Structures are given as C-alpha cells and as structure tokens.
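Coordinates from data23.cif are shown below (mmCIF, C-alpha atoms and all ligand atoms).
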```cif
data_final
loop_
_atom_site.group_PDB
_atom_site.id
_atom_site.type_symbol
_atom_site.label_atom_id
_atom_site.label_comp_id
_atom_site.auth_asym_id
_atom_site.auth_seq_id
_atom_site.Cartn_x
_atom_site.Cartn_y
_atom_site.Cartn_z
ATOM 1 C CA MET A 1 115.619 98.372 112.258
ATOM 2 C CA LYS A 2 112.059 99.005 113.471
ATOM 3 C CA ASN A 3 110.137 99.461 110.206
ATOM 4 C CA PHE A 4 111.308 98.791 106.649
ATOM 5 C CA THR A 5 109.430 101.037 104.250
ATOM 6 C CA SER A 6 112.222 102.701 102.245
ATOM 7 C CA VAL A 7 115.986 103.096 101.971
ATOM 8 C CA HIS A 8 115.681 105.785 104.655
ATOM 9 C CA ASP A 9 115.062 103.038 107.245
ATOM 10 C CA VAL A 10 118.491 101.538 106.510
ATOM 11 C CA SER A 11 121.318 102.806 108.723
ATOM 12 C CA ASN A 12 124.148 101.194 106.716
ATOM 13 C CA LEU A 13 123.320 100.212 103.125
ATOM 14 C CA GLN A 14 126.552 98.361 102.339
ATOM 15 C CA GLN A 15 126.289 96.386 105.586
ATOM 16 C CA LEU A 16 122.726 95.322 104.710
ATOM 17 C CA VAL A 17 123.840 94.181 101.239
ATOM 18 C CA GLN A 18 126.704 92.199 102.773
ATOM 19 C CA GLU A 19 124.277 90.709 105.305
ATOM 20 C CA GLY A 20 122.126 89.476 102.401
ATOM 21 C CA LEU A 21 125.152 87.915 100.701
ATOM 22 C CA HIS A 22 126.250 86.308 103.991
ATOM 23 C CA LEU A 23 122.775 84.814 104.486
ATOM 24 C CA LYS A 24 122.858 83.438 100.948
ATOM 25 C CA GLN A 25 125.880 81.369 102.007
ATOM 26 C CA ASN A 26 124.485 80.587 105.484
ATOM 27 C CA PRO A 27 120.678 80.463 105.176
ATOM 28 C CA TYR A 28 120.016 78.705 108.491
ATOM 29 C CA ALA A 29 122.681 80.338 110.670
ATOM 30 C CA TYR A 30 120.068 82.396 112.554
ATOM 31 C CA LYS A 31 117.337 79.753 112.840
ATOM 32 C CA GLN A 32 116.976 80.491 116.577
ATOM 33 C CA LEU A 33 116.413 84.218 116.087
ATOM 34 C CA GLY A 34 112.809 83.896 114.938
ATOM 35 C CA GLU A 35 111.778 81.106 117.299
ATOM 36 C CA ASN A 36 108.290 81.808 118.706
ATOM 37 C CA LYS A 37 108.014 84.936 116.578
ATOM 38 C CA THR A 38 105.275 85.339 113.995
ATOM 39 C CA ILE A 39 105.109 87.373 110.805
ATOM 40 C CA ALA A 40 101.778 88.095 109.115
ATOM 41 C CA LEU A 41 102.010 88.871 105.391
ATOM 42 C CA VAL A 42 98.982 90.873 104.293
ATOM 43 C CA PHE A 43 98.314 91.273 100.577
ATOM 44 C CA LEU A 44 95.835 93.783 99.240
ATOM 45 C CA ASN A 45 97.117 92.952 95.725
ATOM 46 C CA PRO A 46 98.503 89.901 93.852
ATOM 47 C CA SER A 47 102.060 88.619 94.276
ATOM 48 C CA LEU A 48 104.266 85.646 93.434
ATOM 49 C CA ARG A 49 107.853 86.617 94.270
ATOM 50 C CA THR A 50 107.288 88.876 97.264
ATOM 51 C CA ARG A 51 104.899 86.395 98.862
ATOM 52 C CA MET A 52 107.080 83.302 98.412
ATOM 53 C CA SER A 53 110.484 84.884 99.024
ATOM 54 C CA THR A 54 109.395 86.628 102.224
ATOM 55 C CA GLN A 55 107.809 83.413 103.508
ATOM 56 C CA LYS A 56 111.003 81.503 102.713
ATOM 57 C CA ALA A 57 113.139 84.170 104.394
ATOM 58 C CA ALA A 58 111.010 84.100 107.547
ATOM 59 C CA LEU A 59 111.049 80.284 107.664
ATOM 60 C CA ASN A 60 114.868 80.305 107.294
ATOM 61 C CA LEU A 61 114.953 82.512 110.409
ATOM 62 C CA GLY A 62 112.732 80.079 112.325
ATOM 63 C CA MET A 63 109.640 82.315 112.298
ATOM 64 C CA ASN A 64 106.019 81.272 112.070
ATOM 65 C CA VAL A 65 104.386 82.696 108.942
ATOM 66 C CA MET A 66 100.761 83.599 108.310
ATOM 67 C CA VAL A 67 99.526 84.924 104.955
ATOM 68 C CA LEU A 68 96.285 86.817 104.416
ATOM 69 C CA ASN A 69 95.070 87.666 100.917
ATOM 70 C CA MET A 70 93.004 90.513 102.273
ATOM 71 C CA ASP A 71 91.655 91.529 98.860
ATOM 72 C CA LYS A 72 90.151 88.065 98.320
ATOM 73 C CA GLU A 73 89.747 86.455 101.745
ATOM 74 C CA GLY A 74 89.362 89.333 104.188
ATOM 75 C CA TRP A 75 86.272 91.419 104.872
ATOM 76 C CA ALA A 76 85.745 94.314 102.456
ATOM 77 C CA LEU A 77 87.944 97.006 103.974
ATOM 78 C CA GLU A 78 86.969 100.613 104.729
ATOM 79 C CA LEU A 79 89.890 103.038 104.515
ATOM 80 C CA GLN A 80 88.231 106.438 104.922
ATOM 81 C CA ASP A 81 88.202 108.063 108.345
ATOM 82 C CA GLY A 82 84.718 109.001 109.470
ATOM 83 C CA ALA A 83 83.020 106.803 106.875
ATOM 84 C CA ILE A 84 79.375 105.825 107.448
ATOM 85 C CA MET A 85 79.749 102.151 106.620
ATOM 86 C CA ASN A 86 76.267 101.527 105.249
ATOM 87 C CA HIS A 87 77.395 100.320 101.815
ATOM 88 C CA THR A 88 79.784 97.507 100.770
ATOM 89 C CA SER A 89 82.697 97.873 103.216
ATOM 90 C CA VAL A 90 82.427 95.631 106.285
ATOM 91 C CA GLU A 91 85.517 96.275 108.413
ATOM 92 C CA HIS A 92 87.466 99.475 109.024
ATOM 93 C CA VAL A 93 91.253 99.439 108.692
ATOM 94 C CA LYS A 94 91.426 100.762 112.289
ATOM 95 C CA GLU A 95 90.095 97.461 113.634
ATOM 96 C CA ALA A 96 91.572 95.192 110.952
ATOM 97 C CA ALA A 97 95.145 96.474 111.406
ATOM 98 C CA ALA A 98 94.900 96.582 115.201
ATOM 99 C CA VAL A 99 93.619 92.993 115.338
ATOM 100 C CA LEU A 100 96.394 91.768 113.013
ATOM 101 C CA GLY A 101 98.855 93.414 115.388
ATOM 102 C CA GLN A 102 97.522 91.184 118.185
ATOM 103 C CA TYR A 103 98.513 88.056 116.268
ATOM 104 C CA ALA A 104 101.925 88.984 114.836
ATOM 105 C CA ASP A 105 105.281 90.366 115.973
ATOM 106 C CA ILE A 106 105.974 91.818 112.510
ATOM 107 C CA ILE A 107 103.472 92.636 109.762
ATOM 108 C CA GLY A 108 104.238 92.796 106.035
ATOM 109 C CA ILE A 109 101.845 94.797 103.881
ATOM 110 C CA ARG A 110 101.369 95.115 100.120
ATOM 111 C CA SER A 111 99.186 98.005 99.046
ATOM 112 C CA PHE A 112 99.319 99.263 95.444
ATOM 113 C CA PRO A 113 98.320 102.795 94.403
ATOM 114 C CA GLY A 114 94.932 103.534 92.859
ATOM 115 C CA LEU A 115 96.686 105.699 90.206
ATOM 116 C CA LYS A 116 93.748 108.106 90.293
ATOM 117 C CA ASN A 117 94.604 110.533 93.084
ATOM 118 C CA ARG A 118 98.308 111.391 93.171
ATOM 119 C CA ASP A 119 98.191 113.156 96.523
ATOM 120 C CA GLU A 120 96.501 110.183 98.143
ATOM 121 C CA ASP A 121 98.954 107.686 96.608
ATOM 122 C CA TYR A 122 102.070 109.753 97.307
ATOM 123 C CA SER A 123 101.041 110.340 100.928
ATOM 124 C CA GLU A 124 100.866 106.515 101.262
ATOM 125 C CA ALA A 125 97.412 106.963 102.755
ATOM 126 C CA VAL A 126 96.492 103.258 102.859
ATOM 127 C CA PHE A 127 99.901 101.863 103.819
ATOM 128 C CA ASN A 128 100.385 104.416 106.581
ATOM 129 C CA LYS A 129 97.010 103.558 108.114
ATOM 130 C CA PHE A 130 98.203 99.984 108.604
ATOM 131 C CA VAL A 131 101.448 101.250 110.102
ATOM 132 C CA LYS A 132 99.550 103.598 112.422
ATOM 133 C CA TYR A 133 96.934 101.152 113.687
ATOM 134 C CA CYS A 134 98.717 97.755 113.765
ATOM 135 C CA GLY A 135 101.072 98.709 116.618
ATOM 136 C CA VAL A 136 103.927 96.375 115.568
ATOM 137 C CA PRO A 137 106.898 96.788 113.206
ATOM 138 C CA VAL A 138 105.966 96.823 109.507
ATOM 139 C CA VAL A 139 107.876 95.661 106.447
ATOM 140 C CA SER A 140 106.753 96.982 103.068
ATOM 141 C CA LEU A 141 105.863 94.276 100.554
ATOM 142 C CA GLU A 142 105.386 97.155 98.057
ATOM 143 C CA SER A 143 103.489 100.325 98.777
ATOM 144 C CA ALA A 144 101.983 102.967 96.495
ATOM 145 C CA THR A 145 105.324 104.663 95.829
ATOM 146 C CA ARG A 146 108.103 102.224 96.785
ATOM 147 C CA HIS A 147 109.194 98.568 96.637
ATOM 148 C CA PRO A 148 112.222 98.467 98.946
ATOM 149 C CA LEU A 149 112.584 94.661 99.248
ATOM 150 C CA GLN A 150 112.833 94.533 95.453
ATOM 151 C CA SER A 151 115.388 97.349 95.400
ATOM 152 C CA LEU A 152 117.552 95.636 98.015
ATOM 153 C CA ALA A 153 117.471 92.386 95.998
ATOM 154 C CA ASP A 154 118.452 94.423 92.922
ATOM 155 C CA LEU A 155 121.390 95.992 94.725
ATOM 156 C CA ILE A 156 122.526 92.601 96.068
ATOM 157 C CA THR A 157 122.393 91.282 92.476
ATOM 158 C CA ILE A 158 124.487 94.189 91.176
ATOM 159 C CA GLU A 159 127.015 93.756 93.990
ATOM 160 C CA GLU A 160 127.308 90.025 93.203
ATOM 161 C CA LEU A 161 127.617 90.312 89.420
ATOM 162 C CA LYS A 162 129.535 93.562 88.901
ATOM 163 C CA THR A 163 132.892 93.313 87.111
ATOM 164 C CA ARG A 164 134.230 96.744 88.023
ATOM 165 C CA PRO A 165 134.140 98.618 91.332
ATOM 166 C CA ARG A 166 131.689 101.329 90.204
ATOM 167 C CA PRO A 167 129.411 99.820 87.550
ATOM 168 C CA LYS A 168 127.222 101.838 85.201
ATOM 169 C CA VAL A 169 123.547 101.093 85.930
ATOM 170 C CA VAL A 170 120.806 102.276 83.566
ATOM 171 C CA LEU A 171 117.107 102.366 84.382
ATOM 172 C CA THR A 172 115.180 102.332 81.113
ATOM 173 C CA TRP A 173 111.439 102.792 80.609
ATOM 174 C CA ALA A 174 109.745 100.018 78.608
ATOM 175 C CA PRO A 175 106.344 99.853 76.902
ATOM 176 C CA HIS A 176 103.351 98.106 78.478
ATOM 177 C CA VAL A 177 99.671 97.641 77.718
ATOM 178 C CA LYS A 178 98.461 98.859 81.133
ATOM 179 C CA ALA A 179 99.089 101.798 83.438
ATOM 180 C CA LEU A 180 101.579 100.549 86.043
ATOM 181 C CA PRO A 181 102.661 102.170 89.338
ATOM 182 C CA GLN A 182 105.881 104.135 89.735
ATOM 183 C CA ALA A 183 106.816 102.215 92.900
ATOM 184 C CA VAL A 184 109.543 100.003 91.411
ATOM 185 C CA PRO A 185 111.363 102.725 89.412
ATOM 186 C CA ASN A 186 110.980 105.269 92.241
ATOM 187 C CA SER A 187 112.462 102.839 94.698
ATOM 188 C CA PHE A 188 115.198 101.595 92.355
ATOM 189 C CA ALA A 189 116.239 105.199 91.681
ATOM 190 C CA GLU A 190 116.215 106.045 95.379
ATOM 191 C CA TRP A 191 118.461 103.063 96.214
ATOM 192 C CA MET A 192 120.835 103.565 93.280
ATOM 193 C CA CYS A 193 121.292 107.210 94.293
ATOM 194 C CA GLN A 194 122.702 105.926 97.592
ATOM 195 C CA ALA A 195 124.768 103.088 96.113
ATOM 196 C CA ASP A 196 128.289 103.244 94.700
ATOM 197 C CA VAL A 197 127.202 103.103 91.040
ATOM 198 C CA ASP A 198 127.170 105.416 88.018
ATOM 199 C CA PHE A 199 123.395 105.759 87.621
ATOM 200 C CA VAL A 200 121.486 106.957 84.530
ATOM 201 C CA ILE A 201 117.733 107.043 83.870
ATOM 202 C CA THR A 202 116.323 107.046 80.342
ATOM 203 C CA HIS A 203 112.677 107.346 79.309
ATOM 204 C CA PRO A 204 110.486 109.020 76.689
ATOM 205 C CA LYS A 205 109.401 112.621 77.263
ATOM 206 C CA GLY A 206 106.486 112.729 79.674
ATOM 207 C CA TYR A 207 107.596 109.866 81.929
ATOM 208 C CA GLU A 208 109.626 111.935 84.397
ATOM 209 C CA LEU A 209 109.581 110.402 87.877
ATOM 210 C CA ALA A 210 108.994 112.513 90.972
ATOM 211 C CA GLU A 211 112.133 114.531 91.703
ATOM 212 C CA GLU A 212 112.327 113.368 95.321
ATOM 213 C CA PHE A 213 113.446 109.931 94.034
ATOM 214 C CA THR A 214 115.825 111.011 91.268
ATOM 215 C CA LYS A 215 117.586 114.109 92.631
ATOM 216 C CA GLY A 216 121.122 114.428 91.225
ATOM 217 C CA THR A 217 120.694 111.586 88.689
ATOM 218 C CA THR A 218 121.563 111.885 84.993
ATOM 219 C CA ILE A 219 118.295 111.668 83.033
ATOM 220 C CA THR A 220 118.201 111.435 79.235
ATOM 221 C CA TYR A 221 115.537 110.912 76.560
ATOM 222 C CA ASN A 222 118.171 109.201 74.359
ATOM 223 C CA GLN A 223 118.020 105.471 75.136
ATOM 224 C CA ASP A 224 120.961 104.526 72.846
ATOM 225 C CA GLU A 225 123.193 107.093 74.511
ATOM 226 C CA ALA A 226 122.204 105.863 77.964
ATOM 227 C CA LEU A 227 122.841 102.206 77.091
ATOM 228 C CA ALA A 228 126.419 102.818 75.905
ATOM 229 C CA ASP A 229 128.908 101.006 78.175
ATOM 230 C CA ALA A 230 126.174 99.975 80.619
ATOM 231 C CA ASP A 231 127.051 97.132 82.973
ATOM 232 C CA PHE A 232 123.438 96.677 84.067
ATOM 233 C CA VAL A 233 120.210 97.714 82.364
ATOM 234 C CA TYR A 234 117.113 97.715 84.561
ATOM 235 C CA VAL A 235 114.017 97.496 82.382
ATOM 236 C CA LYS A 236 110.693 98.693 83.757
ATOM 237 C CA ASN A 237 107.461 100.273 82.624
ATOM 238 C CA TRP A 238 105.747 102.974 84.615
ATOM 239 C CA SER A 239 102.809 105.287 84.000
ATOM 240 C CA ALA A 240 103.196 109.058 83.913
ATOM 241 C CA TYR A 241 103.560 111.069 87.104
ATOM 242 C CA GLU A 242 102.016 114.030 85.269
ATOM 243 C CA PRO A 243 99.296 113.546 83.968
ATOM 244 C CA TYR A 244 99.121 111.131 86.860
ATOM 245 C CA GLY A 245 98.683 107.415 86.106
ATOM 246 C CA LYS A 246 98.308 107.887 82.358
ATOM 247 C CA VAL A 247 99.832 105.870 79.492
ATOM 248 C CA LEU A 248 101.058 108.261 76.793
ATOM 249 C CA PRO A 249 100.557 107.186 73.146
ATOM 250 C CA GLY A 250 103.438 105.660 71.135
ATOM 251 C CA ASN A 251 106.929 104.725 72.402
ATOM 252 C CA GLU A 252 106.686 101.020 71.405
ATOM 253 C CA GLU A 253 110.231 101.323 70.024
ATOM 254 C CA TRP A 254 111.490 101.602 73.612
ATOM 255 C CA MET A 255 111.277 97.794 74.033
ATOM 256 C CA LEU A 256 114.805 96.549 74.711
ATOM 257 C CA THR A 257 116.264 94.176 72.103
ATOM 258 C CA LEU A 258 119.654 92.459 71.708
ATOM 259 C CA GLU A 259 120.308 94.801 68.784
ATOM 260 C CA LYS A 260 120.163 97.767 71.149
ATOM 261 C CA LEU A 261 122.634 96.061 73.485
ATOM 262 C CA LYS A 262 125.155 95.316 70.741
ATOM 263 C CA ALA A 263 127.494 98.096 71.847
ATOM 264 C CA GLY A 264 127.760 96.562 75.294
ATOM 265 C CA ASN A 265 127.495 92.804 74.867
ATOM 266 C CA GLN A 266 128.505 92.188 78.472
ATOM 267 C CA THR A 267 125.506 94.164 79.683
ATOM 268 C CA LYS A 268 123.312 92.333 82.167
ATOM 269 C CA VAL A 269 119.574 92.857 81.873
ATOM 270 C CA MET A 270 117.440 93.096 84.991
ATOM 271 C CA HIS A 271 113.680 93.218 85.534
ATOM 272 C CA CYS A 272 111.708 92.840 88.753
ATOM 273 C CA LEU A 273 109.162 90.477 87.092
ATOM 274 C CA PRO A 274 106.452 89.728 86.162
ATOM 275 C CA VAL A 275 107.405 90.750 82.628
ATOM 276 C CA ARG A 276 105.267 90.872 79.481
ATOM 277 C CA ARG A 277 107.385 89.125 76.838
ATOM 278 C CA ASN A 278 107.747 90.922 73.518
ATOM 279 C CA VAL A 279 106.074 94.015 74.937
ATOM 280 C CA GLU A 280 108.495 95.139 77.677
ATOM 281 C CA LEU A 281 111.398 92.824 76.806
ATOM 282 C CA SER A 282 112.006 90.604 73.772
ATOM 283 C CA ASP A 283 112.144 86.794 73.960
ATOM 284 C CA GLU A 284 115.692 86.957 72.582
ATOM 285 C CA ILE A 285 116.861 88.960 75.594
ATOM 286 C CA LEU A 286 114.940 87.023 78.233
ATOM 287 C CA ASP A 287 116.186 83.710 76.805
ATOM 288 C CA SER A 288 119.797 84.916 76.392
ATOM 289 C CA ASP A 289 122.778 84.912 78.730
ATOM 290 C CA SER A 290 122.340 88.691 79.080
ATOM 291 C CA SER A 291 119.261 88.179 81.253
ATOM 292 C CA VAL A 292 119.787 87.870 85.014
ATOM 293 C CA VAL A 293 116.098 88.141 85.944
ATOM 294 C CA ILE A 294 115.852 84.667 87.529
ATOM 295 C CA HIS A 295 119.033 85.204 89.550
ATOM 296 C CA GLU A 296 117.618 88.573 90.632
ATOM 297 C CA ALA A 297 114.320 86.993 91.709
ATOM 298 C CA GLY A 298 116.269 84.374 93.678
ATOM 299 C CA ASN A 299 117.972 87.162 95.601
ATOM 300 C CA ARG A 300 114.572 88.328 96.871
ATOM 301 C CA VAL A 301 114.947 85.665 99.596
ATOM 302 C CA TRP A 302 118.267 87.036 100.879
ATOM 303 C CA ALA A 303 117.067 90.623 100.757
ATOM 304 C CA ALA A 304 113.986 89.756 102.805
ATOM 305 C CA GLN A 305 116.022 87.614 105.197
ATOM 306 C CA ALA A 306 118.568 90.394 105.819
ATOM 307 C CA VAL A 307 115.757 92.842 106.586
ATOM 308 C CA LEU A 308 113.792 90.451 108.815
ATOM 309 C CA LYS A 309 116.974 89.530 110.692
ATOM 310 C CA GLN A 310 117.620 93.183 111.538
ATOM 311 C CA MET A 311 113.971 93.686 112.497
ATOM 312 C CA LEU A 312 114.003 90.620 114.781
ATOM 313 C CA GLU A 313 117.190 91.884 116.418
ATOM 314 C CA SER A 314 115.343 95.143 117.237
ATOM 315 C CA LEU A 315 112.240 93.543 118.770
HETATM 316 N N1 LIG B 1 108.713 91.697 91.725
HETATM 317 C C1 LIG B 1 107.644 91.434 92.492
HETATM 318 O O1 LIG B 1 107.372 92.129 93.488
HETATM 319 O O2 LIG B 1 106.948 90.336 92.133
HETATM 320 P P1 LIG B 1 105.515 89.959 92.714
HETATM 321 O O3 LIG B 1 104.582 91.090 92.344
HETATM 322 O O4 LIG B 1 105.161 88.655 92.045
HETATM 323 O O5 LIG B 1 105.617 89.824 94.202
#
```
As a first step, turn the structure in this file into structure tokens.
Amino acid sequence: MKNFTSVHDVSNLQQLVQEGLHLKQNPYAYKQLGENKTIALVFLNPSLRTRMSTQKAALNLGMNVMVLNMDKEGWALELQDGAIMNHTSVEHVKEAAAVLGQYADIIGIRSFPGLKNRDEDYSEAVFNKFVKYCGVPVVSLESATRHPLQSLADLITIEELKTRPRPKVVLTWAPHVKALPQAVPNSFAEWMCQADVDFVITHPKGYELAEEFTKGTTITYNQDEALADADFVYVKNWSAYEPYGKVLPGNEEWMLTLEKLKAGNQTKVMHCLPVRRNVELSDEILDSDSSVVIHEAGNRVWAAQAVLKQMLESL
C-alpha cells in the first residue's frame, strides 16, 4: 500500500481487517519493520484518538514518531496557488509539505473541510496539495470527505463483535449544535458498501449524503424502521450536502435513546467520538452495555497499525 486515503487504496479489505485483529493479539510482532523509519503526523485540526492511536501504532512497529500541530505551532500556511503572500500567511504549502517530506518516510495529515465551498472540499484541495508536494507516502488522519482509519477501526469492531455472519448495520443521523463534516458518514458508508454486511442509512429529509459514497445502499427517512433487528447502530451527525454545510432546523427527536432500541436489545451502539452527551446520544445509552464506543476507539490502534505495516512493507 503506497498511500492510504480511502477504501480504494485497499487491495483486500478482509485481509486488512484480519491483519488488524492479528496485530491486536501480537502488537510487537513487527517491531523490526519500522526500525529507522520516521512518521510525521501533521494536524491542521484538533484530535485525541487519531493522534494517540496512530502514534501508538507506529511505536508498536518500531517507528520514530514526530507530531506537528500545524494549526497552532506551524507558520500560517498559504494554500492558494499563485498567492501574493503580503498578508497573514507566512509559508506556502509547496515548501511546507516538501520540507516535511525531507524529514519523514511516511506523512499523516489531518485536514478538515471549510464547509463553505463544496467543490473545494470535495476535490480535497488542501489534502491533495500535501500529497502532491510532500513526495512520500501519505496516510489520511481525516480529510475533507473521508476518515478511512476510523472506518477500518469500525469494521474491525463489527467483525469482532458480530453474532451472525452477515450483520445488519445501520448508520443513523443524530442531532448536533454545530455544522459537522460529512467525512465520517461518507467514509463509513463507503466501507460498509464493500463489507459483508446488510447496510441501511437513515436520516431526516435534507441530509442525503453524496451518492458516490452510498450507491446501492438502502436509505430511509424512517428511523424506527431502520433500527428494527439492527445488530449495530452507528450514530453520527453531519451537516447537509445540499445546501452545503448547513444545519437544518428541527430533528432533535433523532437522538438515539434506549427506548428506540427496545425492539433490538442486543443492538450494539457505535460512535466515532467525540460525542456530545444528551444531544447526539443519551447518557443512558453511553453508560449502558449497548455502547461499544470505548472498544471501538481502542481498535483505532490496530487499524492504524495494520495500515502502517502495509505501508512500511511497500517502502
Ligand atoms: N474519532 C476521531 O477521529 O477522534 P479524534 O478527532 O479525537 O481524532
């Protein structure tokens, strides 16, 4: 694997999931693989899980790890080609990415969308500039439209906890107080479409995701109907794709509660975290045995380690 930016970079999905599960049992089996190799993790936005789990994964593989909080500690970055840099930006991404590529064998990048210009976000304008100019393999730590390390951890979690060969997995929209990116639900949908699961998406009218991520999936506006017999419910807020980046009024009743899960009391509830309690998900769910969110976050290490292992093997 050269780059890891989406499920399309994965040649064998089931093998990658099994690799993650194998590494969970044997975390230090490939300690020699990353010897004298360096990964630089570059964050243009905040992170807890992605930052710590990817560091842990790289350390398990014997790599050196450097972290740069570019939004807080780097020079103010210019992203526009041809810009006359006579205002606040200090360093162009052309130099910044190329220099980072001199110091690292693999670069991880987190770059959220602006949620103002859909074409710019969906062309991955910022992320792709790093890929273009850094000159070394890149792993996505979440881009404008996808979060593949999260999706792999989610799939590993489903594989581990499923109780029937082809589980029913439901992605349900949840309320939030802010406009959030579509990266997590886009990516989750894209991965579930390739996995051996019965996949359903449910959301209020107006929150349709881009078709390129959901093609062939059952989509319903009836949350109760979708939740029936679900083995896994993936809870996530996202802002509208059209009108782009907007929060539509109402829909507070979409918050998942134990009452809504009563028909399927074996249902496991997933969320990528961070979660706003009693807005997206009730306390009673998060504090119940139905919640697997901590287990899921733990699997971020094995997802990252499986990906980095394959990337190191391709260097
Ligand atoms: N789920 C996730 O990516 O968490 P962080 O934003 O804390 O990295």
For the structure provided, state which residues fall under the PyMOL selection byres (((chain A and resi 250-254) around 9) and not hetatm), and present them as an mmCIF file with C-alpha atoms, in the coordinates of the input.
```cif
data_model
loop_
_atom_site.group_PDB
_atom_site.id
_atom_site.type_symbol
_atom_site.label_atom_id
_atom_site.label_comp_id
_atom_site.auth_asym_id
_atom_site.auth_seq_id
_atom_site.Cartn_x
_atom_site.Cartn_y
_atom_site.Cartn_z
ATOM 1 C CA THR A 172 115.180 102.332 81.113
ATOM 2 C CA TRP A 173 111.439 102.792 80.609
ATOM 3 C CA ALA A 174 109.745 100.018 78.608
ATOM 4 C CA PRO A 175 106.344 99.853 76.902
ATOM 5 C CA HIS A 176 103.351 98.106 78.478
ATOM 6 C CA HIS A 203 112.677 107.346 79.309
ATOM 7 C CA PRO A 204 110.486 109.020 76.689
ATOM 8 C CA GLN A 223 118.020 105.471 75.136
ATOM 9 C CA LEU A 248 101.058 108.261 76.793
ATOM 10 C CA PRO A 249 100.557 107.186 73.146
ATOM 11 C CA MET A 255 111.277 97.794 74.033
ATOM 12 C CA LEU A 256 114.805 96.549 74.711
ATOM 13 C CA THR A 257 116.264 94.176 72.103
ATOM 14 C CA VAL A 279 106.074 94.015 74.937
ATOM 15 C CA GLU A 280 108.495 95.139 77.677
#
```
- Task: Report as a PyMOL selection string which protein, DNA and RNA residues come within 8 Å of ligand LIG 1 (chain B), using only C-alpha atoms and all ligand atoms.
- Result: chain A and resi 46-52+141-142+147+150+272-274+297
- What residues come out when you apply the PyMOL selection byres (((chain A and resi 23) around 12) and not hetatm) to this file, written as a PyMOL selection string? chain A and resi 16-22+24-31+57+60-61+156+299-309
For region 176-195 of chain A, I'd like the enclosing box, axis-aligned and padded by 8 Å on every side, reported as lines of an AutoDock Vina configuration file with centre and edge lengths in Å to one decimal.
```
center_x = 111.6
center_y = 102.4
center_z = 87.7
size_x = 42.3
size_y = 25.6
size_z = 35.9
```
- Message: Which residues are near Ala40 (chain A)? Cut-off 12 Å, only C-alpha atoms, ignore same chain within fewer than 3 positions. Put them as a ChimeraX atom specification.
- Response: /A:37,43,51,54-55,58,63-70,97,99-110,134,136-141
Output C-alpha atoms for every residue in the selection just made, as a tab-separated table (two decimals), in the coordinates of the input.
```tsv
chain	number	residue	atom	x	y	z
A	37	LYS	CA	108.01	84.94	116.58
A	43	PHE	CA	98.31	91.27	100.58
A	51	ARG	CA	104.90	86.40	98.86
A	54	THR	CA	109.40	86.63	102.22
A	55	GLN	CA	107.81	83.41	103.51
A	58	ALA	CA	111.01	84.10	107.55
A	63	MET	CA	109.64	82.32	112.30
A	64	ASN	CA	106.02	81.27	112.07
A	65	VAL	CA	104.39	82.70	108.94
A	66	MET	CA	100.76	83.60	108.31
A	67	VAL	CA	99.53	84.92	104.96
A	68	LEU	CA	96.28	86.82	104.42
A	69	ASN	CA	95.07	87.67	100.92
A	70	MET	CA	93.00	90.51	102.27
A	97	ALA	CA	95.14	96.47	111.41
A	99	VAL	CA	93.62	92.99	115.34
A	100	LEU	CA	96.39	91.77	113.01
A	101	GLY	CA	98.86	93.41	115.39
A	102	GLN	CA	97.52	91.18	118.18
A	103	TYR	CA	98.51	88.06	116.27
A	104	ALA	CA	101.92	88.98	114.84
A	105	ASP	CA	105.28	90.37	115.97
A	106	ILE	CA	105.97	91.82	112.51
A	107	ILE	CA	103.47	92.64	109.76
A	108	GLY	CA	104.24	92.80	106.04
A	109	ILE	CA	101.84	94.80	103.88
A	110	ARG	CA	101.37	95.12	100.12
A	134	CYS	CA	98.72	97.76	113.76
A	136	VAL	CA	103.93	96.38	115.57
A	137	PRO	CA	106.90	96.79	113.21
A	138	VAL	CA	105.97	96.82	109.51
A	139	VAL	CA	107.88	95.66	106.45
A	140	SER	CA	106.75	96.98	103.07
A	141	LEU	CA	105.86	94.28	100.55
```
